[in-house]
Amino acid sequence: MNPLELTLGIMTAVGGFVDVSELVFAAKAGSTFGYALIWVFALGTVGIIVFSEMSGRVAAVAKQPVFNLMRHRLGLKLGLVTLLASMISNLITCAAEVGGVALILNYLTGAPYFLMAIVMVAVMIASIWILPFKWIERVYGLFGLFMLVFAAALVAIHPPWDKIAGGFVPQVPQGLSTKELLTFAYFSVAILSAVMFPYEVYFYSSGGIEEGWGPKDMLTNRVTSILGMSLGSMLAIAILSNSGQLFGPANVDPEIPGTAALQASIPFGRWGLILALLGMFFAIAGAAVETCLANAYGIAQFFGWNWGRHKKPWEAPRFTLTWMALFLLALLIVLTGVDVMMLVEFAILFSILVLPLTYLPLLLLAGDKKYMRGHANGPVAKALGWLYFAIISAAAVAALPLFVLTSGGNG
Amino acid sequence: MGRTSLVLLALLAGCSRGPGQDLQYIKQARSIAAEWALVNEQAAAGRLTRTYVLSMHQWLADGLRTADQSLTQPDSPYGREIHTLLGEPEDAAPAELRAHAERLKQIEDQLESA
């Protein structure tokens, strides 16, 4: 295990953890319910660690990406349904990220939103075309570390640390009306969905195969999953806590992503604002690239095409055309003028519906000794895997009714 | 079964007309007023870039117009409050904007407890 590679891997995971949905929901959750939803972020983070580690292990040992497994384990029909649902979920998520990036550039430069969306899609396509896989992840992930300014801002505003620590304990705030309870439940489901987005696992496991992982990389996989995602989640929790401290008492429920950047300007002024916007820009652009590639990986793996960025673009022509077409489709959605916040809501909703179907085949294969030999799930991974499968299944059932009853969390 | 549940949910969601249905737009307008106040306060203290302030004003005004146009009862007290808010200049005093947010919050609380 190369310590430099490992450190870079962890830092990349930290910088790439937060995307536009987490940003929006963390800020809204903090302003609406104070610190009471921190535990849901923690719960979701353990879940994404469990499944990322599992998918990385399966990629390293069985050399199987998630969608290959899905087709074999779920059968063609159910596999196709899952593929279609994942495609829609990833496409909407990608469109939300593209819209988010264009918005941030608009805050930074004042250039027109639609023009920025077009320019950024061109830049992101070029970056995937030019950069080797490892550097696609690193460029966006490492620059995404500018978001650490949100953690520094939290320290600078002297929050009530005891209350923040108390937020890690599972709870439902006392004295909520039925409507508020439903909104709290909706936020819980939405945060779980945002933290455990299926594209993260598709991208992570395909990335393991892109980088030629083998059994020797098991420790790297485990350490990167656990440390990278835990520290990344701390950034999201910092945004939530800043919001609870600064926005809630001021009657602000952030209605646009740019409001979150004020969290850094309040203690640090202009430089805080600029660092926050730069961090948001790279983190969201990284998520746009990941969702687009994750979608193309899924389609190519399902149909058995040549795939991977380790190949020259013309050596995997259908895969290359697919990711480019998906980026252009996401751009088209943004150019219709649909509100980014609405895209975020729909991305969250579709993702939670897909989550159980994504994670079930993975759970089955990671526990299969025939494929995994001595690296099959042990008792802890098995117990955690099934526990989280039950949690996300319950969340998937509750998501649509809660979305309708709370008007997407707007009461 | 699935389709029946969906229809039922849609009916449930559509049951509240008038102020009940407008509640989400009142909340949206209240938050926008408060965000606008925060932006103007920070801008006055020299903590924001001019580009950011101009962009935020534009997006907040867009959001406010959408909330205003979505109201089912534009001639209600909250409709008039949102209209007045829309008429404020971009560099309105934070205290003035907070007063709008406060009035909308009171209406919101009344509707929620009704």
# chains A, B, ... in the order shown; residues from 1 in each chain; ligands from 1

$ interface_residues --of "chain B" --to "chain A" --cutoff "9 Å" --atoms "only C-alpha atoms" --output "ChimeraX atom specification"
/B:5-6,9-10,12-13,23-25,27-28,30-35,38-39,42,45-49,51-56,59-60,63,98,101-102,105,112-113

$ atom_distance --atom1 "CA of Leu74 (chain A)" --atom2 "CA of Ala399 (chain A)"
23.0 Å

$ residues_around --residues "Pro77 (chain B)" --least-positions-apart "3" --cutoff "10 Å" --atoms "only C-alpha atoms" --output "PyMOL selection string"
chain B and resi 73-74+80-83+103-104+107

$ write_last_selection --atoms "N, CA and C atoms" --output "mmCIF file, in the first residue's frame"
data_model
loop_
_atom_site.group_PDB
_atom_site.id
_atom_site.type_symbol
_atom_site.label_atom_id
_atom_site.label_comp_id
_atom_site.auth_asym_id
_atom_site.auth_seq_id
_atom_site.Cartn_x
_atom_site.Cartn_y
_atom_site.Cartn_z
ATOM 1 N N GLN B 73 -54.511 32.548 -4.080
ATOM 2 C CA GLN B 73 -55.257 33.713 -3.589
ATOM 3 C C GLN B 73 -54.334 34.942 -3.529
ATOM 4 N N PRO B 74 -54.083 35.545 -4.693
ATOM 5 C CA PRO B 74 -53.137 36.676 -4.717
ATOM 6 C C PRO B 74 -53.645 37.924 -3.986
ATOM 7 N N ARG B 80 -50.672 40.201 -0.791
ATOM 8 C CA ARG B 80 -50.310 41.633 -0.840
ATOM 9 C C ARG B 80 -48.915 41.848 -0.249
ATOM 10 N N GLU B 81 -48.616 41.095 0.810
ATOM 11 C CA GLU B 81 -47.291 41.218 1.446
ATOM 12 C C GLU B 81 -46.182 40.814 0.460
ATOM 13 N N ILE B 82 -46.438 39.710 -0.252
ATOM 14 C CA ILE B 82 -45.432 39.226 -1.224
ATOM 15 C C ILE B 82 -45.291 40.237 -2.371
ATOM 16 N N HIS B 83 -46.419 40.819 -2.785
ATOM 17 C CA HIS B 83 -46.404 41.858 -3.833
ATOM 18 C C HIS B 83 -45.552 43.053 -3.400
ATOM 19 N N ARG B 103 -43.453 39.288 9.029
ATOM 20 C CA ARG B 103 -44.911 39.309 8.794
ATOM 21 C C ARG B 103 -45.357 38.026 8.089
ATOM 22 N N LEU B 104 -44.580 37.585 7.116
ATOM 23 C CA LEU B 104 -44.938 36.341 6.413
ATOM 24 C C LEU B 104 -44.834 35.139 7.357
ATOM 25 N N ILE B 107 -47.994 34.944 9.421
ATOM 26 C CA ILE B 107 -49.100 34.378 8.635
ATOM 27 C C ILE B 107 -48.909 32.860 8.498
#

$ atom_distance --atom1 "CA of Leu278 (chain A)" --atom2 "CA of Pro257 (chain A)"
13.1 Å

$ atom_distance --atom1 "CA of Ile209 (chain A)" --atom2 "CA of Phe146 (chain A)"
28.6 Å

$ closest_residue --among "A:Ile125, A:Gly99, A:Ser193, A:Leu231" --to "Ala398 (chain A)" --atoms "only C-alpha atoms"
A:Ser193

$ select_by_dssp --residues "chain B" --states "helix (DSSP H, G or I)" --output "JSON, numbers by chain"
{"B": [2, 3, 4, 5, 6, 7, 8, 9, 10, 11, 12, 13, 14, 19, 20, 21, 22, 23, 24, 25, 26, 27, 28, 29, 30, 31, 32, 33, 34, 35, 36, 37, 38, 39, 40, 41, 42, 43, 44, 50, 51, 52, 53, 54, 55, 56, 57, 58, 59, 60, 61, 62, 63, 64, 65, 66, 67, 68, 69, 70, 77, 78, 79, 80, 81, 82, 83, 84, 85, 86, 94, 95, 96, 97, 98, 99, 100, 101, 102, 103, 104, 105, 106, 107, 108, 109, 110, 111, 112, 113]}

$ closest_residue --among "A:Ile49, A:Val195, A:Ala102, A:Leu364" --to "Arg73 (chain A)" --atoms "only C-alpha atoms"
A:Leu364

$ residues_around --residues "Lys163 (chain A)" --least-positions-apart "3" --cutoff "10 Å" --atoms "only C-alpha atoms" --output "PDB file with C-alpha atoms, in the first residue's frame"
ATOM      1  CA  GLY A  34     -31.468  22.506  13.920  1.00  0.00           C
ATOM      2  CA  TYR A  35     -29.085  19.649  14.743  1.00  0.00           C
ATOM      3  CA  ALA A  36     -31.791  16.965  15.007  1.00  0.00           C
ATOM      4  CA  PRO A 159     -21.488  26.732  17.818  1.00  0.00           C
ATOM      5  CA  PRO A 160     -22.974  24.837  20.783  1.00  0.00           C
ATOM      6  CA  GLY A 166     -26.323  15.405  20.775  1.00  0.00           C
ATOM      7  CA  GLY A 167     -27.446  15.462  17.138  1.00  0.00           C
ATOM      8  CA  PHE A 168     -25.576  12.186  16.528  1.00  0.00           C
ATOM      9  CA  SER A 241     -24.607  22.771  11.721  1.00  0.00           C
TER      10      SER A 241
END

$ closest_residue --among "A:Cys292, A:Leu335, A:Met372, A:Val24" --to "Met124 (chain A)" --atoms "only C-alpha atoms"
A:Cys292

$ closest_residue --among "B:Asp91, B:His100, B:Ala44, B:Thr84" --to "His57 (chain B)" --atoms "only C-alpha atoms"
B:Asp91

$ residues_around --residues "Thr322 (chain A)" --least-positions-apart "2" --cutoff "9 Å" --atoms "only C-alpha atoms" --output "number ranges by chain"
A: 293, 295-297, 299-300, 317-320, 324-327
